[in-house]
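Peer 1: One structure coming up, written as structure tokens, with questions to follow.
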Amino acid sequence: MEEDQQQNQTQAARTPQDNALGDAIDALRSTLTEDSGSDGWRRDIAIVGIVAALFGIVAWYALVTSRSTPVVADMVIHTQLTEASVWVDAAFEQVFAAYMQAGNRVRLRGEATVVGGGVSMISAFSAPRSHAGARRRIDITLADDGDSTTLLAILEVTESDGTQLGKAVLRGQPDTLSDLAARTALQVFDWLHIDPFSTGEQQSADTELPQTSDGTEPYARGVQALRRGEGAEAVRYLRRALELEPGHPMVNAMLAEALDFLGYQKQALQHIKIAFDRRRGLSREKQLMIEARLHYLNHHWRDAQTQYAALNAFYPEELSYGLALASVQTEGNQLIAAYETLTNLRSSPFFAQDPLIDIVEAKIRRREGAWESGLAAAERAIEKAIRLDLRGVLARALVVAADLGSENADRYLDQADELMREMDDPFGRSQVLREKGDRLRSAGDLDASSQLYTAAMDLSLEAGNESEVDAARQALAIVRDLTGDLESGYELKCQVFASYQRREVQAGAAIMLENMGISLFKLGRLDEASERFSQALEQFQKYGDQIGVAWWPYHQGRIDFVAGRFASARTRFLEAEANAIEHPEGEFALHVRFETLRLNLFTGLDDVGQDLHDLVRAYEKKGLLLDAGESLVLLARYKARRGKRQEALEHIDRAEAIFRTSGAMDYLAQTLTQRVRLGDIGNCDALRGVLEGMQHQPTLLLGGIALSKCGENKVDRGVLQQQAERLGLFEPRLASLALIDPEAARRLAGQRGGIAQDYLSLP
């Protein structure tokens, strides 16, 4: 009975805007009921339906409320409070805004707290300026009336042309902020000739803050800390508020947001569920905010997008809704839509200086492969965060900039690590550790990178953050590949793929299909690898991931090359070269160049010596030492073909030094194989030891064949040849045939030149 009565009161308190917003949600949701595997035309119709439903409901709402169009106003809160009472700013601002917007009578287009002529980062990132459509400006100065027991709210309302509509001084106490905020809002309504809010609307606004003064202070401080990006401090305050106001829906909702910020997804989910169960007394806006966050934390991207789209449309002055919508769109790989959302946010003079917009933009650009523009966005975020003294936001921006290849990446990561430690931010620290691991992996220090990835995964597991666990596990899988433990790496990739599928992270699942294809390629399972790459391509095309699409001919070209389909491989690499011109970010172009030069060297079409020297230097300049080492091995093979054995061995020496330091056993096997092929049989035992347990099939087979030079009767050339035939690996087939059936080897080599002919001269 009590629950029914409460529900009836909530319904009675609803405004036309509440009903319109609810209808918008229902209409939007109805357009998204088709199965995720539906045909492209059905998805297009669904998207059109979303837009039509949203704009239709907004237009309808405009008609039914045309008789009382909301007054648009700028709000600025000046504070002259003592440092001990400065938390009152945030609390007063929040509840005052709730009263002003009750019943949609006044739409506040900007909120900021100005301290001593500057701006305190409580609600917005810049003081509002006059702009098209602003009809009023509300200035409130909060001050102590000689002591800390009485609070003054000095209120002034002016027209946009500067005409003063009214000025008043209202008194209240910090422990009854809701009363002071309500009286201040009613005074503004009186000057603007607006009907006062109803009892039901006042009740909804009242629930914005805890009901006790003791709970209000830690709650306001927690919200304030969260907006600065200092999650651990926010959690401490909000937990204190929750002790004083157990079960309060907004306290639980904001605590969930703070915990999610720190990566504690499971704990965040627990608190948002409590907020969801107790949301009925809140305004429809806050109810939907809680519902949207619940869907977000459950990774129900479609439902989350539906609600954030409606919230963003009805409350464009609330930055958090637009940022959340862009984030959810990015998770769904709707990158164009996400960028359009950010563009709309940035058009507001109140949000233009907000570094969070730049951070989200940088992540979108990173997803689409536009690293240069993404890095520019991250650098803008760093500059703004420093200027506004937002430590938490700065730390996140530094990590994003490092991920996007900033030349200051090492310094940025050290600075971010220091900030994350100071703020006790495990999610941020996990990201820093992964980024540092990536840089060490590229530099060839696989053991150190593995330790960092493991530490990052442990932090994420402790926090219950599945997305970060998957990211660390994926990075660790790459290290396993490089150290030769391909089966273990492939198993990790399969686990991450399954997690992405379960959490409906479709873009991540597509990337993992690509990664699984790489493992299968190295394991010699070419048909399976080709199938995974094709599946990934289909997903990349479906979600508009242009970088994923661009890489496909590179992967397929490598398969064609090792299978001996050289003409097809050349076609694929030419296509990949064109794609690399269109997408120059990262190391894509260098990797395509390596494969093209290897193909040319193998078939004898070009003099590739200088090009290989240039490639080695390019890799070294980027700090990609493993790639530089692999290029040195290729350069050594080129020198050996030219009869320059000593120069070849010098290049092998350089490559081996890199591989031994890194622990990259597959690569080390390549250098030892070339040493033995050059007649250095003193390395036979070392090669035999490295090949033991080798999983990289091309390297294993070529190394085993090279051991024939060691006078080993234990090497069964026939078994190696059969294995090469079974796997369809051209070079091992040719090398083994040259030992046991030279005539068959000549037929297989055909008219090919280069290294293909070298095997025919083997004893």
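Naming scheme: A, B, ... for chains in displayed order of the structure tokens; residues 1 onward per chain; ligands 1 onward as shown.
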Using DSSP on the backbone, list every residue of stretch 568-758 of chain A that comes out as helix (DSSP H, G or I), and give them as a PyMOL selection string.

Peer 2: chain A and resi 568-582+588-603+609-621+625-641+645-662+665-677+681-691+697-710+717-727+730-740+742-749+755-758

Peer 1: Residues within 8 Å of stretch 618-633 of chain A, please, as JSON, numbers by chain. Count only C-alpha atoms; anything in the same chain fewer than 2 positions from it doesn't count.

Peer 2: {"A": [442, 443, 444, 590, 594, 612, 614, 615, 616, 635, 636, 637, 651, 652, 654, 655, 656, 658, 659, 667, 670, 671, 674]}

Peer 1: Let me see the file: selected residues, C-alpha atoms, as a CSV table (one decimal), in the first residue's frame.

Peer 2:
chain,number,residue,atom,x,y,z
A,442,SER,CA,58.3,-2.6,-28.3
A,443,ALA,CA,61.8,-2.0,-27.0
A,444,GLY,CA,62.2,-5.8,-26.7
A,590,LEU,CA,56.6,0.1,-41.8
A,594,PHE,CA,59.0,-5.1,-44.4
A,612,LEU,CA,66.4,-2.7,-45.7
A,614,ASP,CA,66.5,2.4,-44.2
A,615,LEU,CA,63.8,0.2,-42.7
A,616,VAL,CA,66.1,-0.9,-39.8
A,635,LEU,CA,69.3,-7.8,-44.4
A,636,ALA,CA,71.7,-10.6,-43.5
A,637,ARG,CA,70.0,-12.9,-45.9
A,651,HIS,CA,73.9,-8.0,-39.1
A,652,ILE,CA,73.1,-11.4,-37.4
A,654,ARG,CA,73.2,-7.1,-34.0
A,655,ALA,CA,69.9,-9.0,-34.3
A,656,GLU,CA,70.9,-11.7,-31.9
A,658,ILE,CA,68.4,-7.7,-29.4
A,659,PHE,CA,66.7,-11.1,-29.3
A,667,TYR,CA,63.4,-14.5,-33.3
A,670,GLN,CA,65.9,-17.3,-36.9
A,671,THR,CA,69.4,-15.8,-36.2
A,674,GLN,CA,71.0,-18.2,-40.5

Peer 1: Could you check which of A:Leu155, A:Ala376, A:Ile581, A:Leu707 is closest to A:Lys167, using only C-alpha atoms?

Peer 2: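 Nearest to A:Lys167: A:Leu155.
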
Peer 1: For stretch 595-601 of chain A, work out the shell of residues within 10 Å, counting only C-alpha atoms and skipping chain neighbours fewer than 3 positions away, then give it as an MDAnalysis selection string.

Peer 2: chainID A and resid 554 557:558 561:562 566:567 569:570 572:574 576:577 590:592 604:609 611:612 615 631 634:635 637:638 641 753:756

Peer 1: Selection from above, N, CA and C atoms, as a CSV table (one decimal), in the first residue's frame, can you write it?

Peer 2:
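Writing the result to result_29.csv gives the following:
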chain,number,residue,atom,x,y,z
A,554,TYR,N,47.1,-6.8,-45.6
A,554,TYR,CA,48.4,-7.1,-45.1
A,554,TYR,C,48.4,-8.5,-44.5
A,557,GLY,N,48.0,-11.1,-47.2
A,557,GLY,CA,49.2,-11.1,-48.1
A,557,GLY,C,50.3,-12.0,-47.4
A,558,ARG,N,50.4,-11.9,-46.1
A,558,ARG,CA,51.4,-12.7,-45.4
A,558,ARG,C,51.0,-14.2,-45.5
A,561,PHE,N,52.0,-15.2,-49.0
A,561,PHE,CA,53.4,-15.3,-49.1
A,561,PHE,C,54.0,-16.6,-48.6
A,562,VAL,N,53.6,-17.0,-47.3
A,562,VAL,CA,54.2,-18.2,-46.8
A,562,VAL,C,53.7,-19.4,-47.5
A,566,PHE,N,52.8,-16.1,-54.5
A,566,PHE,CA,53.6,-14.8,-54.5
A,566,PHE,C,52.9,-13.7,-55.3
A,567,ALA,N,52.2,-14.0,-56.4
A,567,ALA,CA,51.5,-13.0,-57.2
A,567,ALA,C,50.4,-12.4,-56.4
A,569,ALA,N,50.2,-12.5,-53.1
A,569,ALA,CA,50.8,-11.7,-52.0
A,569,ALA,C,51.2,-10.3,-52.5
A,570,ARG,N,51.7,-10.2,-53.7
A,570,ARG,CA,52.2,-8.9,-54.1
A,570,ARG,C,50.9,-8.0,-54.3
A,572,ARG,N,48.1,-8.1,-52.7
A,572,ARG,CA,47.7,-7.7,-51.3
A,572,ARG,C,48.6,-6.7,-50.7
A,573,PHE,N,49.9,-6.8,-50.9
A,573,PHE,CA,50.8,-5.8,-50.3
A,573,PHE,C,50.7,-4.5,-50.9
A,574,LEU,N,50.4,-4.5,-52.2
A,574,LEU,CA,50.2,-3.2,-52.9
A,574,LEU,C,48.9,-2.5,-52.4
A,576,ALA,N,47.7,-3.0,-49.4
A,576,ALA,CA,48.0,-2.6,-48.0
A,576,ALA,C,48.9,-1.3,-48.1
A,577,GLU,N,49.8,-1.1,-49.0
A,577,GLU,CA,50.6,0.1,-49.2
A,577,GLU,C,49.7,1.3,-49.4
A,590,LEU,N,55.3,0.8,-42.0
A,590,LEU,CA,56.6,0.1,-41.8
A,590,LEU,C,56.5,-1.4,-42.0
A,591,HIS,N,55.4,-1.9,-41.4
A,591,HIS,CA,55.2,-3.4,-41.4
A,591,HIS,C,54.9,-3.8,-42.8
A,592,VAL,N,54.1,-3.0,-43.6
A,592,VAL,CA,53.8,-3.3,-45.0
A,592,VAL,C,55.1,-3.3,-45.8
A,604,GLY,N,63.6,-12.2,-55.9
A,604,GLY,CA,64.7,-11.7,-56.7
A,604,GLY,C,64.3,-10.6,-57.6
A,605,LEU,N,63.2,-9.8,-57.3
A,605,LEU,CA,62.8,-8.8,-58.2
A,605,LEU,C,63.5,-7.5,-58.0
A,606,ASP,N,64.0,-7.2,-56.9
A,606,ASP,CA,64.6,-5.9,-56.6
A,606,ASP,C,65.9,-6.0,-55.8
A,607,ASP,N,66.7,-4.9,-56.0
A,607,ASP,CA,67.9,-4.7,-55.1
A,607,ASP,C,67.4,-4.0,-53.9
A,608,VAL,N,67.2,-4.8,-52.8
A,608,VAL,CA,66.6,-4.2,-51.6
A,608,VAL,C,67.5,-3.8,-50.5
A,609,GLY,N,68.8,-3.8,-50.8
A,609,GLY,CA,69.8,-3.6,-49.7
A,609,GLY,C,69.6,-2.2,-49.0
A,611,ASP,N,67.1,-0.2,-49.1
A,611,ASP,CA,65.7,-0.1,-48.5
A,611,ASP,C,65.7,-0.8,-47.1
A,612,LEU,N,66.4,-2.0,-47.0
A,612,LEU,CA,66.4,-2.7,-45.7
A,612,LEU,C,67.2,-1.9,-44.7
A,615,LEU,N,64.9,0.7,-43.5
A,615,LEU,CA,63.8,0.2,-42.7
A,615,LEU,C,64.3,-0.1,-41.3
A,631,SER,N,64.3,-7.1,-39.2
A,631,SER,CA,64.8,-6.5,-40.5
A,631,SER,C,66.3,-6.8,-40.7
A,634,LEU,N,66.7,-10.2,-42.2
A,634,LEU,CA,66.4,-10.1,-43.6
A,634,LEU,C,67.6,-9.5,-44.4
A,635,LEU,N,68.2,-8.4,-43.8
A,635,LEU,CA,69.3,-7.8,-44.4
A,635,LEU,C,70.5,-8.7,-44.5
A,637,ARG,N,70.3,-12.0,-44.9
A,637,ARG,CA,70.0,-12.9,-45.9
A,637,ARG,C,70.3,-12.2,-47.3
A,638,TYR,N,70.0,-11.0,-47.4
A,638,TYR,CA,70.3,-10.2,-48.6
A,638,TYR,C,71.9,-10.2,-48.8
A,641,ARG,N,73.2,-13.6,-50.0
A,641,ARG,CA,73.0,-13.8,-51.4
A,641,ARG,C,74.0,-13.1,-52.3
A,753,GLY,N,63.3,-16.4,-58.8
A,753,GLY,CA,64.7,-16.1,-58.5
A,753,GLY,C,64.9,-15.9,-57.0
A,754,GLY,N,65.9,-15.1,-56.6
A,754,GLY,CA,66.1,-14.7,-55.3
A,754,GLY,C,66.4,-15.9,-54.4
A,755,ILE,N,65.9,-15.8,-53.2
A,755,ILE,CA,66.2,-16.9,-52.2
A,755,ILE,C,65.6,-18.2,-52.6
A,756,ALA,N,64.6,-18.2,-53.4
A,756,ALA,CA,64.0,-19.5,-53.9
A,756,ALA,C,65.0,-20.3,-54.6

Peer 1: Identify, on the basis of only C-alpha atoms, every residue whose closest approach to A:Tyr453 does not exceed 12 Å; exclude the query and any residue fewer than 6 positions from it along the same chain; express the result as a PyMOL selection string.

Peer 2: chain A and resi 429-441+446-447+459-460+468-480

Peer 1: Mind checking which residues fall within 12 Å of A:Met694, counting only C-alpha atoms, ignoring those fewer than 5 positions away in the same chain, and posting them as a PyMOL selection string?

Peer 2: chain A and resi 481-487+522-523+664-670+687-689+699-704

Peer 1: Please produce an output containing N, CA, C and O atoms for each residue in the selection, written as a compact mmCIF listing (two decimals), in the first residue's frame.

Peer 2:
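The resulting file, selection.txt, is shown below:
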# COMPACT_ATOMS: atom_id res chain seq x y z
N ASP A 481 53.17 -14.68 -27.40
CA ASP A 481 53.49 -14.93 -28.81
C ASP A 481 54.97 -14.68 -29.09
O ASP A 481 55.65 -15.49 -29.72
N LEU A 482 55.43 -13.52 -28.62
CA LEU A 482 56.81 -13.13 -28.93
C LEU A 482 57.83 -14.02 -28.25
O LEU A 482 58.94 -14.20 -28.76
N THR A 483 57.50 -14.56 -27.10
CA THR A 483 58.43 -15.46 -26.41
C THR A 483 58.33 -16.89 -26.92
O THR A 483 59.04 -17.77 -26.45
N GLY A 484 57.44 -17.12 -27.88
CA GLY A 484 57.33 -18.45 -28.48
C GLY A 484 56.25 -19.33 -27.89
O GLY A 484 56.02 -20.43 -28.38
N ASP A 485 55.57 -18.86 -26.85
CA ASP A 485 54.51 -19.66 -26.22
C ASP A 485 53.19 -19.36 -26.93
O ASP A 485 52.26 -18.79 -26.34
N LEU A 486 53.10 -19.78 -28.19
CA LEU A 486 51.97 -19.41 -29.03
C LEU A 486 50.66 -20.03 -28.57
O LEU A 486 49.60 -19.40 -28.64
N GLU A 487 50.70 -21.25 -28.13
CA GLU A 487 49.47 -21.92 -27.70
C GLU A 487 48.85 -21.21 -26.50
O GLU A 487 47.64 -20.99 -26.45
N LYS A 522 51.01 -17.99 -37.09
CA LYS A 522 52.33 -18.40 -36.60
C LYS A 522 52.37 -19.89 -36.27
O LYS A 522 53.43 -20.52 -36.37
N LEU A 523 51.22 -20.43 -35.90
CA LEU A 523 51.15 -21.86 -35.62
C LEU A 523 51.08 -22.70 -36.90
O LEU A 523 51.03 -23.93 -36.83
N ALA A 664 62.99 -13.15 -26.88
CA ALA A 664 62.12 -13.53 -28.01
C ALA A 664 62.72 -14.75 -28.69
O ALA A 664 63.53 -14.65 -29.62
N MET A 665 62.30 -15.94 -28.26
CA MET A 665 62.96 -17.17 -28.69
C MET A 665 62.72 -17.49 -30.17
O MET A 665 63.60 -18.02 -30.84
N ASP A 666 61.54 -17.19 -30.69
CA ASP A 666 61.30 -17.44 -32.10
C ASP A 666 62.25 -16.64 -32.97
O ASP A 666 62.80 -17.13 -33.96
N TYR A 667 62.44 -15.39 -32.59
CA TYR A 667 63.35 -14.53 -33.34
C TYR A 667 64.80 -15.01 -33.20
O TYR A 667 65.58 -15.00 -34.16
N LEU A 668 65.16 -15.43 -31.98
CA LEU A 668 66.51 -15.93 -31.76
C LEU A 668 66.78 -17.16 -32.62
O LEU A 668 67.88 -17.33 -33.18
N ALA A 669 65.78 -18.02 -32.76
CA ALA A 669 65.93 -19.20 -33.61
C ALA A 669 66.23 -18.81 -35.05
O ALA A 669 67.00 -19.49 -35.75
N GLN A 670 65.64 -17.71 -35.52
CA GLN A 670 65.91 -17.26 -36.89
C GLN A 670 67.37 -16.88 -37.07
O GLN A 670 67.98 -17.20 -38.09
N LEU A 687 71.16 -23.92 -31.58
CA LEU A 687 69.94 -23.94 -32.39
C LEU A 687 69.04 -25.10 -31.98
O LEU A 687 67.82 -24.93 -31.85
N ARG A 688 69.64 -26.26 -31.77
CA ARG A 688 68.85 -27.42 -31.37
C ARG A 688 68.12 -27.15 -30.05
O ARG A 688 66.95 -27.51 -29.88
N GLY A 689 68.81 -26.48 -29.11
CA GLY A 689 68.18 -26.18 -27.82
C GLY A 689 67.03 -25.20 -27.94
O GLY A 689 66.00 -25.35 -27.28
N THR A 699 59.47 -21.23 -38.47
CA THR A 699 60.79 -21.14 -37.85
C THR A 699 61.28 -22.52 -37.41
O THR A 699 62.46 -22.87 -37.59
N LEU A 700 60.40 -23.33 -36.83
CA LEU A 700 60.76 -24.67 -36.40
C LEU A 700 61.24 -25.53 -37.57
O LEU A 700 62.28 -26.19 -37.49
N LEU A 701 60.49 -25.51 -38.66
CA LEU A 701 60.84 -26.35 -39.81
C LEU A 701 62.13 -25.88 -40.47
O LEU A 701 62.99 -26.70 -40.82
N LEU A 702 62.29 -24.58 -40.69
CA LEU A 702 63.50 -24.08 -41.33
C LEU A 702 64.72 -24.33 -40.45
O LEU A 702 65.81 -24.65 -40.95
N GLY A 703 64.54 -24.18 -39.12
CA GLY A 703 65.66 -24.48 -38.22
C GLY A 703 66.03 -25.94 -38.25
O GLY A 703 67.22 -26.30 -38.26
N GLY A 704 65.01 -26.83 -38.26
CA GLY A 704 65.29 -28.26 -38.32
C GLY A 704 66.02 -28.64 -39.59
O GLY A 704 66.94 -29.48 -39.58

Peer 1: Where does stretch 321-359 of chain A meet stretch 390-395 of chain A within 9 Å, residue by residue, with the nearest atom pair and distance in Å to one decimal for each, counting only C-alpha atoms, listed by chain and rising number, as JSON lines?

Peer 2:
{"residue": "A:Pro355", "atom": "CA", "partner": "A:Val393", "partner_atom": "CA", "distance": 7.5}
{"residue": "A:Leu356", "atom": "CA", "partner": "A:Val393", "partner_atom": "CA", "distance": 7.2}
{"residue": "A:Ile359", "atom": "CA", "partner": "A:Val393", "partner_atom": "CA", "distance": 8.8}

Peer 1: Output N, CA and C atoms of each residue in that selection to a file, as an mmCIF file, in the first residue's frame.

Peer 2:
data_model
loop_
_atom_site.group_PDB
_atom_site.id
_atom_site.type_symbol
_atom_site.label_atom_id
_atom_site.label_comp_id
_atom_site.auth_asym_id
_atom_site.auth_seq_id
_atom_site.Cartn_x
_atom_site.Cartn_y
_atom_site.Cartn_z
ATOM 1 N N PRO A 355 38.131 19.774 -20.623
ATOM 2 C CA PRO A 355 39.093 18.805 -21.154
ATOM 3 C C PRO A 355 38.519 17.408 -21.341
ATOM 4 N N LEU A 356 37.417 17.086 -20.657
ATOM 5 C CA LEU A 356 36.841 15.753 -20.813
ATOM 6 C C LEU A 356 36.351 15.524 -22.242
ATOM 7 N N ILE A 359 39.342 14.492 -24.195
ATOM 8 C CA ILE A 359 39.772 13.132 -23.884
ATOM 9 C C ILE A 359 38.910 12.115 -24.623
#

Peer 1: What is the atom CA of A:Glu361-atom CA of A:Glu331 distance in Å, reported with one decimal?

Peer 2: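 Computing it gives 12.9 Å between the two atoms.
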
Peer 1: Under the rule that only C-alpha atoms are counted, which of A:Gln546, A:Gln305, A:Gln270, A:Ser283 is the nearest residue to A:Thr330?

Peer 2: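 Of all the options, A:Gln305 lies closest to A:Thr330.
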
Peer 1: Write out as a list in words each polymer residue whose atoms come within 10 Å of A:Tyr315, counting only C-alpha atoms; drop sequence neighbours fewer than 6 positions from it.

Peer 2: Arg107, Leu108, Arg109, Glu285, Tyr308, Ala309, Tyr321 and Gly322 of chain A

Peer 1: Counting only C-alpha atoms, which of A:Asp214, A:Glu156, A:Glu379, A:Asp389 gets nearest to A:Arg228?

Peer 2: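 Ranked by minimum distance to A:Arg228, first place goes to A:Asp389.
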
Peer 1: With distances taken over only C-alpha atoms, which residue among A:Leu238, A:Ile357, A:Val188, A:Ala657 lies nearest A:Gly222?

Peer 2: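 Answer, going by the shortest atom-to-atom distance: A:Leu238.
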
Peer 1: Find the residues around A:Glu462 up to 12 Å (only C-alpha atoms counted), leave out those fewer than 2 positions away in its own chain, and share them as a list in words.

Peer 2: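 Listing them by chain and then by number gives Leu262, Gly263, Tyr264, Gln265, Lys266, Gln267, Pro426, Phe427, Ser430, Ala455, Ala456, Met457, Asp458, Leu459, Ser460, Gly464, Asn465, Glu466, Glu468 and Val469 of chain A.
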
Peer 1: Can you spit out the residues from that selection as a PDB file, in the first residue's frame, using N, CA and C atoms?

Peer 2:
ATOM      1  N   LEU A 262      37.057   4.586 -10.616  1.00  0.00           N
ATOM      2  CA  LEU A 262      38.265   3.940 -10.089  1.00  0.00           C
ATOM      3  C   LEU A 262      38.428   2.505 -10.590  1.00  0.00           C
ATOM      4  N   GLY A 263      37.470   2.029 -11.370  1.00  0.00           N
ATOM      5  CA  GLY A 263      37.580   0.688 -11.924  1.00  0.00           C
ATOM      6  C   GLY A 263      36.903  -0.394 -11.112  1.00  0.00           C
ATOM      7  N   TYR A 264      36.242  -0.047 -10.025  1.00  0.00           N
ATOM      8  CA  TYR A 264      35.569  -1.047  -9.188  1.00  0.00           C
ATOM      9  C   TYR A 264      34.167  -1.311  -9.736  1.00  0.00           C
ATOM     10  N   GLN A 265      34.107  -2.013 -10.841  1.00  0.00           N
ATOM     11  CA  GLN A 265      32.845  -2.170 -11.554  1.00  0.00           C
ATOM     12  C   GLN A 265      31.820  -2.978 -10.773  1.00  0.00           C
ATOM     13  N   LYS A 266      32.253  -4.036 -10.108  1.00  0.00           N
ATOM     14  CA  LYS A 266      31.301  -4.870  -9.371  1.00  0.00           C
ATOM     15  C   LYS A 266      30.689  -4.099  -8.207  1.00  0.00           C
ATOM     16  N   GLN A 267      31.522  -3.364  -7.462  1.00  0.00           N
ATOM     17  CA  GLN A 267      30.986  -2.562  -6.363  1.00  0.00           C
ATOM     18  C   GLN A 267      30.077  -1.464  -6.889  1.00  0.00           C
ATOM     19  N   PRO A 426      43.363   2.967  -8.692  1.00  0.00           N
ATOM     20  CA  PRO A 426      43.834   1.687  -9.242  1.00  0.00           C
ATOM     21  C   PRO A 426      43.537   1.522 -10.728  1.00  0.00           C
ATOM     22  N   PHE A 427      42.408   2.037 -11.187  1.00  0.00           N
ATOM     23  CA  PHE A 427      42.083   1.941 -12.606  1.00  0.00           C
ATOM     24  C   PHE A 427      43.109   2.715 -13.436  1.00  0.00           C
ATOM     25  N   SER A 430      46.445   0.923 -13.423  1.00  0.00           N
ATOM     26  CA  SER A 430      46.426  -0.223 -14.322  1.00  0.00           C
ATOM     27  C   SER A 430      46.689   0.218 -15.755  1.00  0.00           C
ATOM     28  N   ALA A 455      50.957  -7.215 -13.340  1.00  0.00           N
ATOM     29  CA  ALA A 455      50.606  -6.309 -12.245  1.00  0.00           C
ATOM     30  C   ALA A 455      49.333  -5.531 -12.577  1.00  0.00           C
ATOM     31  N   ALA A 456      49.207  -5.099 -13.828  1.00  0.00           N
ATOM     32  CA  ALA A 456      47.999  -4.379 -14.250  1.00  0.00           C
ATOM     33  C   ALA A 456      46.779  -5.281 -14.148  1.00  0.00           C
ATOM     34  N   MET A 457      46.936  -6.539 -14.543  1.00  0.00           N
ATOM     35  CA  MET A 457      45.823  -7.474 -14.485  1.00  0.00           C
ATOM     36  C   MET A 457      45.431  -7.753 -13.035  1.00  0.00           C
ATOM     37  N   ASP A 458      46.411  -7.858 -12.145  1.00  0.00           N
ATOM     38  CA  ASP A 458      46.115  -8.100 -10.731  1.00  0.00           C
ATOM     39  C   ASP A 458      45.318  -6.931 -10.139  1.00  0.00           C
ATOM     40  N   LEU A 459      45.717  -5.688 -10.480  1.00  0.00           N
ATOM     41  CA  LEU A 459      44.980  -4.529  -9.996  1.00  0.00           C
ATOM     42  C   LEU A 459      43.537  -4.553 -10.486  1.00  0.00           C
ATOM     43  N   SER A 460      43.370  -4.914 -11.748  1.00  0.00           N
ATOM     44  CA  SER A 460      42.032  -4.919 -12.343  1.00  0.00           C
ATOM     45  C   SER A 460      41.181  -6.050 -11.795  1.00  0.00           C
ATOM     46  N   GLY A 464      37.713  -5.830  -9.847  1.00  0.00           N
ATOM     47  CA  GLY A 464      36.573  -6.415 -10.540  1.00  0.00           C
ATOM     48  C   GLY A 464      36.266  -5.729 -11.851  1.00  0.00           C
ATOM     49  N   ASN A 465      37.299  -5.145 -12.474  1.00  0.00           N
ATOM     50  CA  ASN A 465      37.112  -4.401 -13.716  1.00  0.00           C
ATOM     51  C   ASN A 465      37.396  -5.312 -14.902  1.00  0.00           C
ATOM     52  N   GLU A 466      36.347  -5.847 -15.516  1.00  0.00           N
ATOM     53  CA  GLU A 466      36.516  -6.824 -16.586  1.00  0.00           C
ATOM     54  C   GLU A 466      37.187  -6.233 -17.817  1.00  0.00           C
ATOM     55  N   GLU A 468      39.409  -3.825 -18.068  1.00  0.00           N
ATOM     56  CA  GLU A 468      40.850  -3.688 -17.877  1.00  0.00           C
ATOM     57  C   GLU A 468      41.536  -5.047 -17.764  1.00  0.00           C
ATOM     58  N   VAL A 469      40.872  -6.019 -17.164  1.00  0.00           N
ATOM     59  CA  VAL A 469      41.421  -7.375 -17.121  1.00  0.00           C
ATOM     60  C   VAL A 469      41.633  -7.888 -18.545  1.00  0.00           C
TER      61      VAL A 469
END

Peer 1: Mind giving me the straight-line distance from atom CA of A:Gly281 to atom CA of A:Gln203 in Å, one decimal?

Peer 2: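 Between atom CA of A:Gly281 and atom CA of A:Gln203 the gap works out to 7.7 Å.
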
Peer 1: Taking only residues of stretch 315-335 of chain A that have an atom at most 10 Å from an atom of stretch 288-298 of chain A, what is each one's shortest atom pair and its distance in Å to one decimal, using only C-alpha atoms, in chain and number order, as a Markdown table?

Peer 2:
| residue | atom | partner | partner_atom | distance |
| --- | --- | --- | --- | --- |
| A:Ser320 | CA | A:Met289 | CA | 9.8 |
| A:Tyr321 | CA | A:Met289 | CA | 8.2 |
| A:Ala324 | CA | A:Arg293 | CA | 9.0 |
| A:Leu325 | CA | A:Ala292 | CA | 9.8 |
| A:Ser327 | CA | A:Tyr296 | CA | 9.8 |
| A:Val328 | CA | A:Tyr296 | CA | 7.7 |
